[in-house]
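Participant: What follows is the file input.pdb, containing PDB, C-alpha atoms, pLDDT in the B column:
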ATOM      1  CA  MET A   1      -6.798  21.063 -15.053  1.00 90.00           C
ATOM      2  CA  LEU A   2      -7.424  17.671 -16.609  1.00 91.00           C
ATOM      3  CA  GLN A   3     -10.589  16.281 -18.156  1.00 94.00           C
ATOM      4  CA  ILE A   4     -11.109  12.758 -16.843  1.00 94.00           C
ATOM      5  CA  ASP A   5     -13.279  10.405 -18.879  1.00 92.00           C
ATOM      6  CA  SER A   6     -15.367   7.669 -17.298  1.00 93.00           C
ATOM      7  CA  SER A   7     -13.329   5.070 -19.221  1.00 92.00           C
ATOM      8  CA  GLN A   8     -10.300   6.018 -17.080  1.00 92.00           C
ATOM      9  CA  MET A   9     -12.119   5.165 -13.848  1.00 94.00           C
ATOM     10  CA  GLN A  10     -12.152   1.537 -12.734  1.00 93.00           C
ATOM     11  CA  ARG A  11     -15.310   0.747 -10.790  1.00 91.00           C
ATOM     12  CA  ASN A  12     -14.316  -2.304  -8.781  1.00 89.00           C
ATOM     13  CA  THR A  13     -11.331  -0.817  -6.954  1.00 91.00           C
ATOM     14  CA  TYR A  14     -10.497   1.349  -3.942  1.00 92.00           C
ATOM     15  CA  SER A  15     -11.149   4.912  -5.075  1.00 94.00           C
ATOM     16  CA  PRO A  16     -12.290   7.855  -2.930  1.00 96.00           C
ATOM     17  CA  LEU A  17     -12.051   9.782  -6.206  1.00 95.00           C
ATOM     18  CA  LEU A  18     -14.858   7.679  -7.663  1.00 95.00           C
ATOM     19  CA  ASP A  19     -16.886   8.250  -4.499  1.00 95.00           C
ATOM     20  CA  ARG A  20     -16.451  11.985  -5.062  1.00 95.00           C
ATOM     21  CA  TYR A  21     -17.257  11.803  -8.796  1.00 94.00           C
ATOM     22  CA  PRO A  22     -19.547   8.764  -9.257  1.00 93.00           C
ATOM     23  CA  SER A  23     -20.235   9.554 -12.906  1.00 91.00           C
ATOM     24  CA  GLY A  24     -16.530   9.071 -13.613  1.00 87.00           C
ATOM     25  CA  SER A  25     -16.413  12.166 -15.817  1.00 91.00           C
ATOM     26  CA  PHE A  26     -15.004  15.372 -14.296  1.00 94.00           C
ATOM     27  CA  HIS A  27     -12.263  18.027 -14.272  1.00 95.00           C
ATOM     28  CA  ILE A  28      -9.465  17.859 -11.700  1.00 96.00           C
ATOM     29  CA  SER A  29      -6.052  19.441 -11.153  1.00 96.00           C
ATOM     30  CA  TYR A  30      -2.759  17.569 -11.064  1.00 94.00           C
ATOM     31  CA  ALA A  31      -2.389  18.734  -7.452  1.00 95.00           C
ATOM     32  CA  ASP A  32      -5.684  17.158  -6.441  1.00 96.00           C
ATOM     33  CA  LEU A  33      -4.878  13.950  -8.326  1.00 96.00           C
ATOM     34  CA  LEU A  34      -1.576  13.714  -6.447  1.00 96.00           C
ATOM     35  CA  HIS A  35      -3.399  14.267  -3.172  1.00 96.00           C
ATOM     36  CA  TYR A  36      -5.795  11.430  -3.942  1.00 96.00           C
ATOM     37  CA  ALA A  37      -2.952   9.132  -5.022  1.00 96.00           C
ATOM     38  CA  LEU A  38      -0.521   9.906  -2.189  1.00 95.00           C
ATOM     39  CA  ALA A  39      -2.577  10.954   0.827  1.00 94.00           C
ATOM     40  CA  LEU A  40      -5.608   8.724   0.133  1.00 94.00           C
ATOM     41  CA  SER A  41      -3.981   5.812  -1.776  1.00 94.00           C
ATOM     42  CA  ASP A  42      -6.560   6.116  -4.543  1.00 95.00           C
ATOM     43  CA  ASN A  43      -6.013   3.423  -7.190  1.00 95.00           C
ATOM     44  CA  ASN A  44      -7.717   5.328  -9.999  1.00 96.00           C
ATOM     45  CA  ALA A  45      -5.742   8.508  -9.307  1.00 97.00           C
ATOM     46  CA  CYS A  46      -2.547   6.465  -9.327  1.00 97.00           C
ATOM     47  CA  ASP A  47      -3.240   4.925 -12.736  1.00 97.00           C
ATOM     48  CA  ILE A  48      -4.405   8.228 -14.240  1.00 96.00           C
ATOM     49  CA  LEU A  49      -1.108   9.815 -13.177  1.00 97.00           C
ATOM     50  CA  ILE A  50       0.867   6.852 -14.532  1.00 97.00           C
ATOM     51  CA  ASP A  51      -0.956   7.244 -17.849  1.00 95.00           C
ATOM     52  CA  TYR A  52      -0.251  10.981 -18.054  1.00 93.00           C
ATOM     53  CA  ALA A  53       3.409  10.306 -17.206  1.00 95.00           C
ATOM     54  CA  GLY A  54       3.663   8.113 -20.308  1.00 97.00           C
ATOM     55  CA  GLY A  55       2.966   4.680 -18.833  1.00 97.00           C
ATOM     56  CA  ILE A  56       4.555   2.462 -16.224  1.00 97.00           C
ATOM     57  CA  GLU A  57       7.714   2.073 -18.327  1.00 97.00           C
ATOM     58  CA  ALA A  58       8.196   5.850 -18.300  1.00 98.00           C
ATOM     59  CA  VAL A  59       7.744   5.952 -14.523  1.00 97.00           C
ATOM     60  CA  LYS A  60      10.382   3.239 -14.088  1.00 97.00           C
ATOM     61  CA  ALA A  61      12.716   5.085 -16.453  1.00 97.00           C
ATOM     62  CA  CYS A  62      12.451   8.197 -14.268  1.00 95.00           C
ATOM     63  CA  ASN A  63      13.328   6.172 -11.182  1.00 96.00           C
ATOM     64  CA  ASP A  64      16.244   4.545 -12.992  1.00 97.00           C
ATOM     65  CA  GLN A  65      17.524   7.925 -14.156  1.00 96.00           C
ATOM     66  CA  ALA A  66      17.303   9.187 -10.571  1.00 95.00           C
ATOM     67  CA  GLY A  67      19.627   6.380  -9.498  1.00 96.00           C
ATOM     68  CA  ILE A  68      17.097   4.249  -7.641  1.00 96.00           C
ATOM     69  CA  THR A  69      18.286   0.619  -7.525  1.00 96.00           C
ATOM     70  CA  GLY A  70      17.052  -2.678  -6.160  1.00 97.00           C
ATOM     71  CA  TYR A  71      13.496  -2.671  -7.478  1.00 97.00           C
ATOM     72  CA  ASP A  72      11.299  -3.428 -10.489  1.00 97.00           C
ATOM     73  CA  LEU A  73       8.129  -1.747 -11.682  1.00 96.00           C
ATOM     74  CA  THR A  74       5.992  -3.211 -14.460  1.00 97.00           C
ATOM     75  CA  GLU A  75       2.386  -3.240 -13.239  1.00 96.00           C
ATOM     76  CA  THR A  76      -0.346  -0.637 -12.814  1.00 96.00           C
ATOM     77  CA  GLU A  77      -3.139  -0.778 -10.254  1.00 94.00           C
ATOM     78  CA  ALA A  78      -5.483  -1.952 -13.010  1.00 93.00           C
ATOM     79  CA  SER A  79      -3.217  -4.789 -14.185  1.00 94.00           C
ATOM     80  CA  MET A  80      -2.677  -5.978 -10.605  1.00 91.00           C
ATOM     81  CA  HIS A  81      -6.395  -5.803  -9.910  1.00 88.00           C
ATOM     82  CA  GLU A  82      -7.099  -7.847 -13.028  1.00 89.00           C
ATOM     83  CA  HIS A  83      -4.587 -10.503 -11.952  1.00 88.00           C
ATOM     84  CA  ILE A  84      -3.608 -10.113  -8.277  1.00 85.00           C
ATOM     85  CA  PRO A  85      -0.506 -12.383  -8.450  1.00 86.00           C
ATOM     86  CA  ALA A  86       0.931  -9.798 -10.879  1.00 89.00           C
ATOM     87  CA  CYS A  87       1.634  -7.671  -7.800  1.00 88.00           C
ATOM     88  CA  TYR A  88       4.776  -9.783  -7.331  1.00 91.00           C
ATOM     89  CA  HIS A  89       6.161  -8.195 -10.510  1.00 94.00           C
ATOM     90  CA  ASN A  90       6.326  -4.852  -8.675  1.00 94.00           C
ATOM     91  CA  TRP A  91       8.910  -5.263  -5.938  1.00 95.00           C
ATOM     92  CA  ALA A  92      11.538  -3.283  -4.071  1.00 96.00           C
ATOM     93  CA  HIS A  93      13.946  -3.674  -1.209  1.00 96.00           C
ATOM     94  CA  PRO A  94      12.984  -1.392   1.707  1.00 96.00           C
ATOM     95  CA  SER A  95      16.342   0.339   1.234  1.00 97.00           C
ATOM     96  CA  SER A  96      15.350   1.201  -2.344  1.00 97.00           C
ATOM     97  CA  VAL A  97      12.267   3.057  -1.109  1.00 97.00           C
ATOM     98  CA  VAL A  98      14.487   4.845   1.424  1.00 97.00           C
ATOM     99  CA  GLN A  99      16.607   5.982  -1.536  1.00 97.00           C
ATOM    100  CA  LEU A 100      13.518   7.447  -3.175  1.00 97.00           C
ATOM    101  CA  LEU A 101      12.294   9.166  -0.010  1.00 97.00           C
ATOM    102  CA  GLN A 102      15.739  10.662   0.602  1.00 97.00           C
ATOM    103  CA  LYS A 103      15.994  12.022  -2.930  1.00 97.00           C
ATOM    104  CA  ILE A 104      12.513  13.544  -2.686  1.00 96.00           C
ATOM    105  CA  HIS A 105      13.204  15.083   0.721  1.00 96.00           C
ATOM    106  CA  ASP A 106      16.629  16.397  -0.313  1.00 95.00           C
ATOM    107  CA  GLY A 107      15.184  18.115  -3.383  1.00 95.00           C
ATOM    108  CA  ALA A 108      17.203  15.989  -5.786  1.00 95.00           C
ATOM    109  CA  LEU A 109      14.201  15.129  -7.977  1.00 95.00           C
ATOM    110  CA  LEU A 110      11.938  18.191  -7.965  1.00 95.00           C
ATOM    111  CA  ASN A 111      12.224  21.947  -7.664  1.00 96.00           C
ATOM    112  CA  GLU A 112      11.680  23.601  -4.283  1.00 97.00           C
ATOM    113  CA  VAL A 113       7.970  24.323  -4.780  1.00 97.00           C
ATOM    114  CA  HIS A 114       7.122  20.819  -5.967  1.00 97.00           C
ATOM    115  CA  THR A 115       9.298  19.193  -3.291  1.00 97.00           C
ATOM    116  CA  ARG A 116       7.454  21.129  -0.590  1.00 97.00           C
ATOM    117  CA  PHE A 117       4.112  20.136  -2.130  1.00 97.00           C
ATOM    118  CA  ILE A 118       4.966  16.411  -2.168  1.00 97.00           C
ATOM    119  CA  LEU A 119       6.312  16.454   1.396  1.00 97.00           C
ATOM    120  CA  ASN A 120       3.271  18.334   2.700  1.00 97.00           C
ATOM    121  CA  THR A 121       0.965  15.930   0.871  1.00 96.00           C
ATOM    122  CA  LEU A 122       2.705  12.919   2.438  1.00 96.00           C
ATOM    123  CA  ILE A 123       2.419  14.560   5.859  1.00 96.00           C
ATOM    124  CA  LYS A 124      -1.345  14.781   5.258  1.00 93.00           C
ATOM    125  CA  THR A 125      -1.644  11.063   4.437  1.00 92.00           C
ATOM    126  CA  ALA A 126      -4.958   9.826   5.815  1.00 88.00           C
ATOM    127  CA  THR A 127      -4.482   6.093   5.230  1.00 90.00           C
ATOM    128  CA  GLY A 128      -2.647   3.631   7.467  1.00 89.00           C
ATOM    129  CA  THR A 129      -3.255   5.401  10.767  1.00 93.00           C
ATOM    130  CA  ASN A 130      -2.747   2.018  12.484  1.00 96.00           C
ATOM    131  CA  LYS A 131       0.700   1.396  10.944  1.00 97.00           C
ATOM    132  CA  ILE A 132       3.842   3.556  11.338  1.00 97.00           C
ATOM    133  CA  ARG A 133       1.769   6.448  12.618  1.00 96.00           C
ATOM    134  CA  ALA A 134       0.385   4.292  15.458  1.00 96.00           C
ATOM    135  CA  GLY A 135       3.909   3.384  16.566  1.00 97.00           C
ATOM    136  CA  LEU A 136       5.025   6.990  17.049  1.00 97.00           C
ATOM    137  CA  PRO A 137       4.375   9.243  20.053  1.00 96.00           C
ATOM    138  CA  ALA A 138       1.701  11.890  19.676  1.00 93.00           C
ATOM    139  CA  GLY A 139       2.934  15.131  18.173  1.00 93.00           C
ATOM    140  CA  ILE A 140       5.691  13.600  16.030  1.00 95.00           C
ATOM    141  CA  THR A 141       5.596  15.021  12.503  1.00 95.00           C
ATOM    142  CA  ARG A 142       5.931  12.409   9.791  1.00 96.00           C
ATOM    143  CA  GLY A 143       5.034  11.898   6.187  1.00 96.00           C
ATOM    144  CA  HIS A 144       4.265   8.448   4.870  1.00 96.00           C
ATOM    145  CA  LYS A 145       2.820   6.400   2.036  1.00 96.00           C
ATOM    146  CA  THR A 146       0.940   3.227   2.767  1.00 94.00           C
ATOM    147  CA  GLY A 147       0.191   0.301   0.506  1.00 89.00           C
ATOM    148  CA  ARG A 148      -1.756  -2.936   0.660  1.00 86.00           C
ATOM    149  CA  SER A 149      -2.314  -5.560  -1.997  1.00 83.00           C
ATOM    150  CA  GLY A 150      -5.331  -7.643  -2.751  1.00 74.00           C
ATOM    151  CA  LYS A 151      -5.586 -11.184  -1.407  1.00 76.00           C
ATOM    152  CA  VAL A 152      -4.738 -14.517  -3.037  1.00 74.00           C
ATOM    153  CA  ASP A 153      -6.369 -17.554  -1.435  1.00 76.00           C
ATOM    154  CA  GLY A 154      -7.456 -15.289   1.413  1.00 76.00           C
ATOM    155  CA  LEU A 155      -3.928 -14.081   2.210  1.00 79.00           C
ATOM    156  CA  PRO A 156      -2.677 -10.520   1.635  1.00 77.00           C
ATOM    157  CA  ARG A 157       0.388 -10.495  -0.582  1.00 84.00           C
ATOM    158  CA  ALA A 158       1.711  -7.199   0.808  1.00 89.00           C
ATOM    159  CA  ASP A 159       1.037  -4.698   3.587  1.00 92.00           C
ATOM    160  CA  ASN A 160       3.462  -1.784   3.604  1.00 95.00           C
ATOM    161  CA  ASP A 161       4.284   1.640   4.991  1.00 97.00           C
ATOM    162  CA  ALA A 162       7.140   4.008   4.114  1.00 97.00           C
ATOM    163  CA  ALA A 163       7.865   7.171   6.075  1.00 97.00           C
ATOM    164  CA  PHE A 164      10.154  10.052   6.881  1.00 97.00           C
ATOM    165  CA  ILE A 165      10.018  11.059  10.552  1.00 97.00           C
ATOM    166  CA  TYR A 166      11.182  14.308  12.164  1.00 97.00           C
ATOM    167  CA  LEU A 167      12.712  13.297  15.502  1.00 96.00           C
ATOM    168  CA  PRO A 168      12.454  15.587  18.559  1.00 94.00           C
ATOM    169  CA  ASP A 169      16.185  16.435  18.395  1.00 94.00           C
ATOM    170  CA  GLY A 170      15.872  17.663  14.802  1.00 94.00           C
ATOM    171  CA  ARG A 171      17.240  14.573  13.079  1.00 95.00           C
ATOM    172  CA  LEU A 172      15.436  12.955  10.177  1.00 96.00           C
ATOM    173  CA  CYS A 173      14.653   9.228  10.245  1.00 97.00           C
ATOM    174  CA  TYR A 174      13.554   7.170   7.235  1.00 98.00           C
ATOM    175  CA  LEU A 175      11.565   4.037   7.981  1.00 98.00           C
ATOM    176  CA  VAL A 176      10.225   1.518   5.449  1.00 98.00           C
ATOM    177  CA  ILE A 177       8.454  -1.659   6.593  1.00 98.00           C
ATOM    178  CA  PHE A 178       7.179  -4.334   4.202  1.00 96.00           C
ATOM    179  CA  VAL A 179       5.063  -7.293   5.307  1.00 95.00           C
ATOM    180  CA  LYS A 180       4.888  -9.974   2.614  1.00 92.00           C
ATOM    181  CA  ASP A 181       2.728 -13.112   2.326  1.00 91.00           C
ATOM    182  CA  SER A 182       1.425 -12.815   5.863  1.00 90.00           C
ATOM    183  CA  HIS A 183      -0.947 -15.384   7.341  1.00 90.00           C
ATOM    184  CA  GLU A 184      -2.158 -12.824   9.881  1.00 90.00           C
ATOM    185  CA  THR A 185      -5.189 -10.558   9.671  1.00 89.00           C
ATOM    186  CA  ASP A 186      -5.001  -7.008   8.301  1.00 90.00           C
ATOM    187  CA  SER A 187      -5.159  -5.596  11.835  1.00 92.00           C
ATOM    188  CA  GLN A 188      -2.397  -7.934  13.019  1.00 94.00           C
ATOM    189  CA  ASN A 189      -0.183  -6.906  10.110  1.00 94.00           C
ATOM    190  CA  ALA A 190      -0.782  -3.240  10.902  1.00 95.00           C
ATOM    191  CA  ASP A 191      -0.018  -3.865  14.573  1.00 96.00           C
ATOM    192  CA  LEU A 192       3.234  -5.588  13.585  1.00 96.00           C
ATOM    193  CA  ILE A 193       4.270  -2.509  11.585  1.00 97.00           C
ATOM    194  CA  ALA A 194       3.348  -0.264  14.524  1.00 97.00           C
ATOM    195  CA  ARG A 195       5.344  -2.395  16.985  1.00 98.00           C
ATOM    196  CA  ILE A 196       8.423  -2.417  14.732  1.00 98.00           C
ATOM    197  CA  THR A 197       8.092   1.365  14.443  1.00 98.00           C
ATOM    198  CA  ARG A 198       7.914   1.740  18.223  1.00 97.00           C
ATOM    199  CA  ILE A 199      11.032  -0.400  18.730  1.00 97.00           C
ATOM    200  CA  ILE A 200      13.029   1.545  16.140  1.00 96.00           C
ATOM    201  CA  TYR A 201      11.835   4.934  17.399  1.00 97.00           C
ATOM    202  CA  ASN A 202      12.778   4.058  20.971  1.00 96.00           C
ATOM    203  CA  ALA A 203      16.184   2.820  19.813  1.00 95.00           C
ATOM    204  CA  VAL A 204      17.094   5.895  17.766  1.00 95.00           C
ATOM    205  CA  THR A 205      15.821   8.301  20.434  1.00 94.00           C
ATOM    206  CA  GLN A 206      17.220   6.158  23.293  1.00 88.00           C
ATOM    207  CA  VAL A 207      13.820   5.882  24.971  1.00 67.00           C
ATOM    208  CA  HIS A 208      13.646   2.969  27.441  1.00 55.00           C
TER     209      HIS A 208
END
Can I see the file as structure tokens?
Facilitator:
Amino acid sequence: MLQIDSSQMQRNTYSPLLDRYPSGSFHISYADLLHYALALSDNNACDILIDYAGGIEAVKACNDQAGITGYDLTETEASMHEHIPACYHNWAHPSSVVQLLQKIHDGALLNEVHTRFILNTLIKTATGTNKIRAGLPAGITRGHKTGRSGKVDGLPRADNDAAFIYLPDGRLCYLVIFVKDSHETDSQNADLIARITRIIYNAVTQVH
């Protein structure tokens, strides 16, 4: 259990955690923090976990040590919120996120218990129901992590979804879709991700 101080909770940010604990001072487990960060995309939970991991540099060092390539990671949710264009400093090729998802799923990064916990948490993701999830047939099991940036001059800088999908024939499909600097609305961006998902799913399962 961790003691969270109100100084660790940003007020002007997306945070179901703050809705649950409006005083900003409370006890919470690492498991629950991970649930808020992964399944609910909570910005405060994300930054609290980054802080307890030793800072954003330590998080990047772990990714580097795991062999993840083709990305950079320098900003926290708080630093991006303070200066939205800083979100460009955090970047990755979609294939780099596939690397990370594969290593998590294959158990290359965590022990069996923690791997199962992370996968189950991603399967319970409640955000982005109109993205990859909307492009898959009903009943398909998938885990995913969504992301969306703030807006600069009224335009979203990023709208993303990254998933592992269990296909009906038992195969595993990784799918990562990034929409950058879109001039469309949030719903149009989400629909684009869903349509790309549907095309890829039909192709890999040979549905016509």
Participant: Quote the spacing between atom CA of Lys145 of chain A and atom CA of Tyr52 of chain A in Å to one decimal place.
Facilitator: 20.8 Å
Participant: Could you tell me which residues the PyMOL selection byres ((chain A and resi 125-132) around 6) returns for this structure, as a short mmCIF file (atom, residue, chain, number, x, y, z; two decimals) with C-alpha atoms, in the frame of the given file?
Facilitator:
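Generated output (out-v8.cif):
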data_model
loop_
_atom_site.label_atom_id
_atom_site.label_comp_id
_atom_site.auth_asym_id
_atom_site.auth_seq_id
_atom_site.Cartn_x
_atom_site.Cartn_y
_atom_site.Cartn_z
CA ALA A 39 -2.58 10.95 0.83
CA LEU A 40 -5.61 8.72 0.13
CA LEU A 122 2.70 12.92 2.44
CA ILE A 123 2.42 14.56 5.86
CA LYS A 124 -1.34 14.78 5.26
CA ARG A 133 1.77 6.45 12.62
CA ALA A 134 0.38 4.29 15.46
CA GLY A 135 3.91 3.38 16.57
CA THR A 146 0.94 3.23 2.77
CA ALA A 190 -0.78 -3.24 10.90
CA ILE A 193 4.27 -2.51 11.58
CA ALA A 194 3.35 -0.26 14.52
CA THR A 197 8.09 1.36 14.44
#
Participant: Enumerate, as number ranges by chain, the residues matched when the PyMOL selection byres ((chain A and resi 38) around 12) is run on the file above.
Facilitator: A: 16, 30-37, 39-47, 49, 117-128, 143-147, 161-162
Participant: Could you write out as a PyMOL selection string the residues that the PyMOL selection byres ((chain A and resi 23) around 12) matches in the shown file?
Facilitator: chain A and resi 4-11+17-22+24-27
Participant: Calculated over all atoms listed in the file, which of the candidates A:Glu82, A:Asp159, A:Glu77, A:Glu57 has the smallest distance to Gln188 of chain A?
Facilitator: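 Closest to Gln188 of chain A, using all atoms listed in the file: A:Asp159.
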Participant: Quick one: of A:Ser79, A:Asn189, A:Asn202, A:Gln99, who's nearest to Pro137 of chain A, counting all atoms listed in the file?
Facilitator: A:Asn202
Participant: Taking all atoms of segment 80-92 of chain A that the file lists and extending 5 Å past them on each side, where is the centre of the axis-aligned box and how long are its edges? Answer in Å to one decimal, as JSON.
Facilitator:
{"center_x": 2.2, "center_y": -7.8, "center_z": -8.5, "size_x": 28.6, "size_y": 19.1, "size_z": 19.0}
Participant: Would you work out the distance separating atom CA of Ile196 of chain A from atom CA of Gly154 of chain A, expressed in Å to one decimal?
Facilitator: 24.4 Å
Participant: What gap, in Å, lies between atom CA of Tyr174 of chain A and atom CA of Asp186 of chain A?
Facilitator: 23.4 Å
Participant: Select, from A:Gly150, A:Ser95, A:Ile28, A:Arg157, the residue with the minimum atom-to-atom distance to Val176 of chain A, counting only C-alpha atoms.
Facilitator: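 Ranked by minimum distance to Val176 of chain A, first place goes to A:Ser95.
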Participant: Restricting the calculation to all atoms listed in the file: of A:His93, A:His183, A:His114, A:Arg198, which residue gets closest to Asp153 of chain A?
Facilitator: A:His183
Participant: Restricting the calculation to only C-alpha atoms, which member of A:Arg171, A:Lys180, A:Lys151, A:Arg195 is positioned closest to Met80 of chain A?
Facilitator: A:Lys151
Participant: For Asp64 of chain A, which of A:Cys87, A:Asp51, A:Gln206, A:Leu100 is the closest residue, counting all atoms listed in the file?
Facilitator: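 Counting all atoms listed in the file, the residue closest to Asp64 of chain A is A:Leu100.
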Participant: Provide segment 82-101 of chain A rebuilt to N, CA, C and O atoms, formatted as a PDB file, in the coordinates of the input.
Facilitator:
ATOM      1  N   GLU A  82      -6.609  -6.843 -12.081  1.00 89.00           N
ATOM      2  CA  GLU A  82      -7.099  -7.847 -13.028  1.00 89.00           C
ATOM      3  C   GLU A  82      -6.520  -9.229 -12.723  1.00 89.00           C
ATOM      4  O   GLU A  82      -7.186 -10.250 -12.893  1.00 89.00           O
ATOM      5  N   HIS A  83      -5.259  -9.239 -12.268  1.00 88.00           N
ATOM      6  CA  HIS A  83      -4.587 -10.503 -11.952  1.00 88.00           C
ATOM      7  C   HIS A  83      -3.717 -10.248 -10.724  1.00 88.00           C
ATOM      8  O   HIS A  83      -2.567  -9.818 -10.846  1.00 88.00           O
ATOM      9  N   ILE A  84      -4.267 -10.501  -9.534  1.00 85.00           N
ATOM     10  CA  ILE A  84      -3.608 -10.113  -8.277  1.00 85.00           C
ATOM     11  C   ILE A  84      -2.191 -10.664  -8.146  1.00 85.00           C
ATOM     12  O   ILE A  84      -1.294  -9.960  -7.669  1.00 85.00           O
ATOM     13  N   PRO A  85      -1.898 -11.918  -8.564  1.00 86.00           N
ATOM     14  CA  PRO A  85      -0.506 -12.383  -8.450  1.00 86.00           C
ATOM     15  C   PRO A  85       0.504 -11.528  -9.219  1.00 86.00           C
ATOM     16  O   PRO A  85       1.707 -11.601  -8.951  1.00 86.00           O
ATOM     17  N   ALA A  86       0.017 -10.694 -10.156  1.00 89.00           N
ATOM     18  CA  ALA A  86       0.931  -9.798 -10.879  1.00 89.00           C
ATOM     19  C   ALA A  86       1.581  -8.781  -9.950  1.00 89.00           C
ATOM     20  O   ALA A  86       2.581  -8.159 -10.317  1.00 89.00           O
ATOM     21  N   CYS A  87       1.029  -8.624  -8.737  1.00 88.00           N
ATOM     22  CA  CYS A  87       1.634  -7.671  -7.800  1.00 88.00           C
ATOM     23  C   CYS A  87       3.061  -8.062  -7.459  1.00 88.00           C
ATOM     24  O   CYS A  87       3.876  -7.209  -7.087  1.00 88.00           O
ATOM     25  N   TYR A  88       3.407  -9.353  -7.594  1.00 91.00           N
ATOM     26  CA  TYR A  88       4.776  -9.783  -7.331  1.00 91.00           C
ATOM     27  C   TYR A  88       5.767  -9.196  -8.339  1.00 91.00           C
ATOM     28  O   TYR A  88       6.969  -9.160  -8.081  1.00 91.00           O
ATOM     29  N   HIS A  89       5.273  -8.785  -9.500  1.00 94.00           N
ATOM     30  CA  HIS A  89       6.161  -8.195 -10.510  1.00 94.00           C
ATOM     31  C   HIS A  89       6.655  -6.816 -10.082  1.00 94.00           C
ATOM     32  O   HIS A  89       7.705  -6.366 -10.542  1.00 94.00           O
ATOM     33  N   ASN A  90       5.879  -6.114  -9.263  1.00 94.00           N
ATOM     34  CA  ASN A  90       6.326  -4.852  -8.675  1.00 94.00           C
ATOM     35  C   ASN A  90       6.963  -5.161  -7.324  1.00 94.00           C
ATOM     36  O   ASN A  90       6.271  -5.628  -6.412  1.00 94.00           O
ATOM     37  N   TRP A  91       8.245  -4.939  -7.199  1.00 95.00           N
ATOM     38  CA  TRP A  91       8.910  -5.263  -5.938  1.00 95.00           C
ATOM     39  C   TRP A  91      10.018  -4.242  -5.693  1.00 95.00           C
ATOM     40  O   TRP A  91      10.482  -3.546  -6.596  1.00 95.00           O
ATOM     41  N   ALA A  92      10.427  -4.163  -4.440  1.00 96.00           N
ATOM     42  CA  ALA A  92      11.538  -3.283  -4.071  1.00 96.00           C
ATOM     43  C   ALA A  92      12.079  -3.714  -2.725  1.00 96.00           C
ATOM     44  O   ALA A  92      11.340  -4.213  -1.872  1.00 96.00           O
ATOM     45  N   HIS A  93      13.378  -3.549  -2.544  1.00 96.00           N
ATOM     46  CA  HIS A  93      13.946  -3.674  -1.209  1.00 96.00           C
ATOM     47  C   HIS A  93      13.511  -2.451  -0.408  1.00 96.00           C
ATOM     48  O   HIS A  93      13.384  -1.352  -0.974  1.00 96.00           O
ATOM     49  N   PRO A  94      13.286  -2.576   0.899  1.00 96.00           N
ATOM     50  CA  PRO A  94      12.984  -1.392   1.707  1.00 96.00           C
ATOM     51  C   PRO A  94      14.024  -0.286   1.536  1.00 96.00           C
ATOM     52  O   PRO A  94      13.679   0.899   1.488  1.00 96.00           O
ATOM     53  N   SER A  95      15.281  -0.666   1.402  1.00 97.00           N
ATOM     54  CA  SER A  95      16.342   0.339   1.234  1.00 97.00           C
ATOM     55  C   SER A  95      16.188   1.115  -0.068  1.00 97.00           C
ATOM     56  O   SER A  95      16.603   2.277  -0.154  1.00 97.00           O
ATOM     57  N   SER A  96      15.571   0.495  -1.071  1.00 97.00           N
ATOM     58  CA  SER A  96      15.350   1.201  -2.344  1.00 97.00           C
ATOM     59  C   SER A  96      14.311   2.304  -2.171  1.00 97.00           C
ATOM     60  O   SER A  96      14.443   3.388  -2.751  1.00 97.00           O
ATOM     61  N   VAL A  97      13.280   2.041  -1.370  1.00 97.00           N
ATOM     62  CA  VAL A  97      12.267   3.057  -1.109  1.00 97.00           C
ATOM     63  C   VAL A  97      12.858   4.166  -0.242  1.00 97.00           C
ATOM     64  O   VAL A  97      12.514   5.342  -0.409  1.00 97.00           O
ATOM     65  N   VAL A  98      13.773   3.813   0.660  1.00 97.00           N
ATOM     66  CA  VAL A  98      14.487   4.845   1.424  1.00 97.00           C
ATOM     67  C   VAL A  98      15.257   5.753   0.473  1.00 97.00           C
ATOM     68  O   VAL A  98      15.260   6.978   0.634  1.00 97.00           O
ATOM     69  N   GLN A  99      15.900   5.170  -0.532  1.00 97.00           N
ATOM     70  CA  GLN A  99      16.607   5.982  -1.536  1.00 97.00           C
ATOM     71  C   GLN A  99      15.668   7.021  -2.146  1.00 97.00           C
ATOM     72  O   GLN A  99      16.023   8.195  -2.275  1.00 97.00           O
ATOM     73  N   LEU A 100      14.485   6.557  -2.538  1.00 97.00           N
ATOM     74  CA  LEU A 100      13.518   7.447  -3.175  1.00 97.00           C
ATOM     75  C   LEU A 100      13.067   8.545  -2.218  1.00 97.00           C
ATOM     76  O   LEU A 100      13.026   9.729  -2.582  1.00 97.00           O
ATOM     77  N   LEU A 101      12.729   8.168  -0.993  1.00 97.00           N
ATOM     78  CA  LEU A 101      12.294   9.166  -0.010  1.00 97.00           C
ATOM     79  C   LEU A 101      13.391  10.193   0.257  1.00 97.00           C
ATOM     80  O   LEU A 101      13.109  11.393   0.374  1.00 97.00           O
TER      81      LEU A 101
END
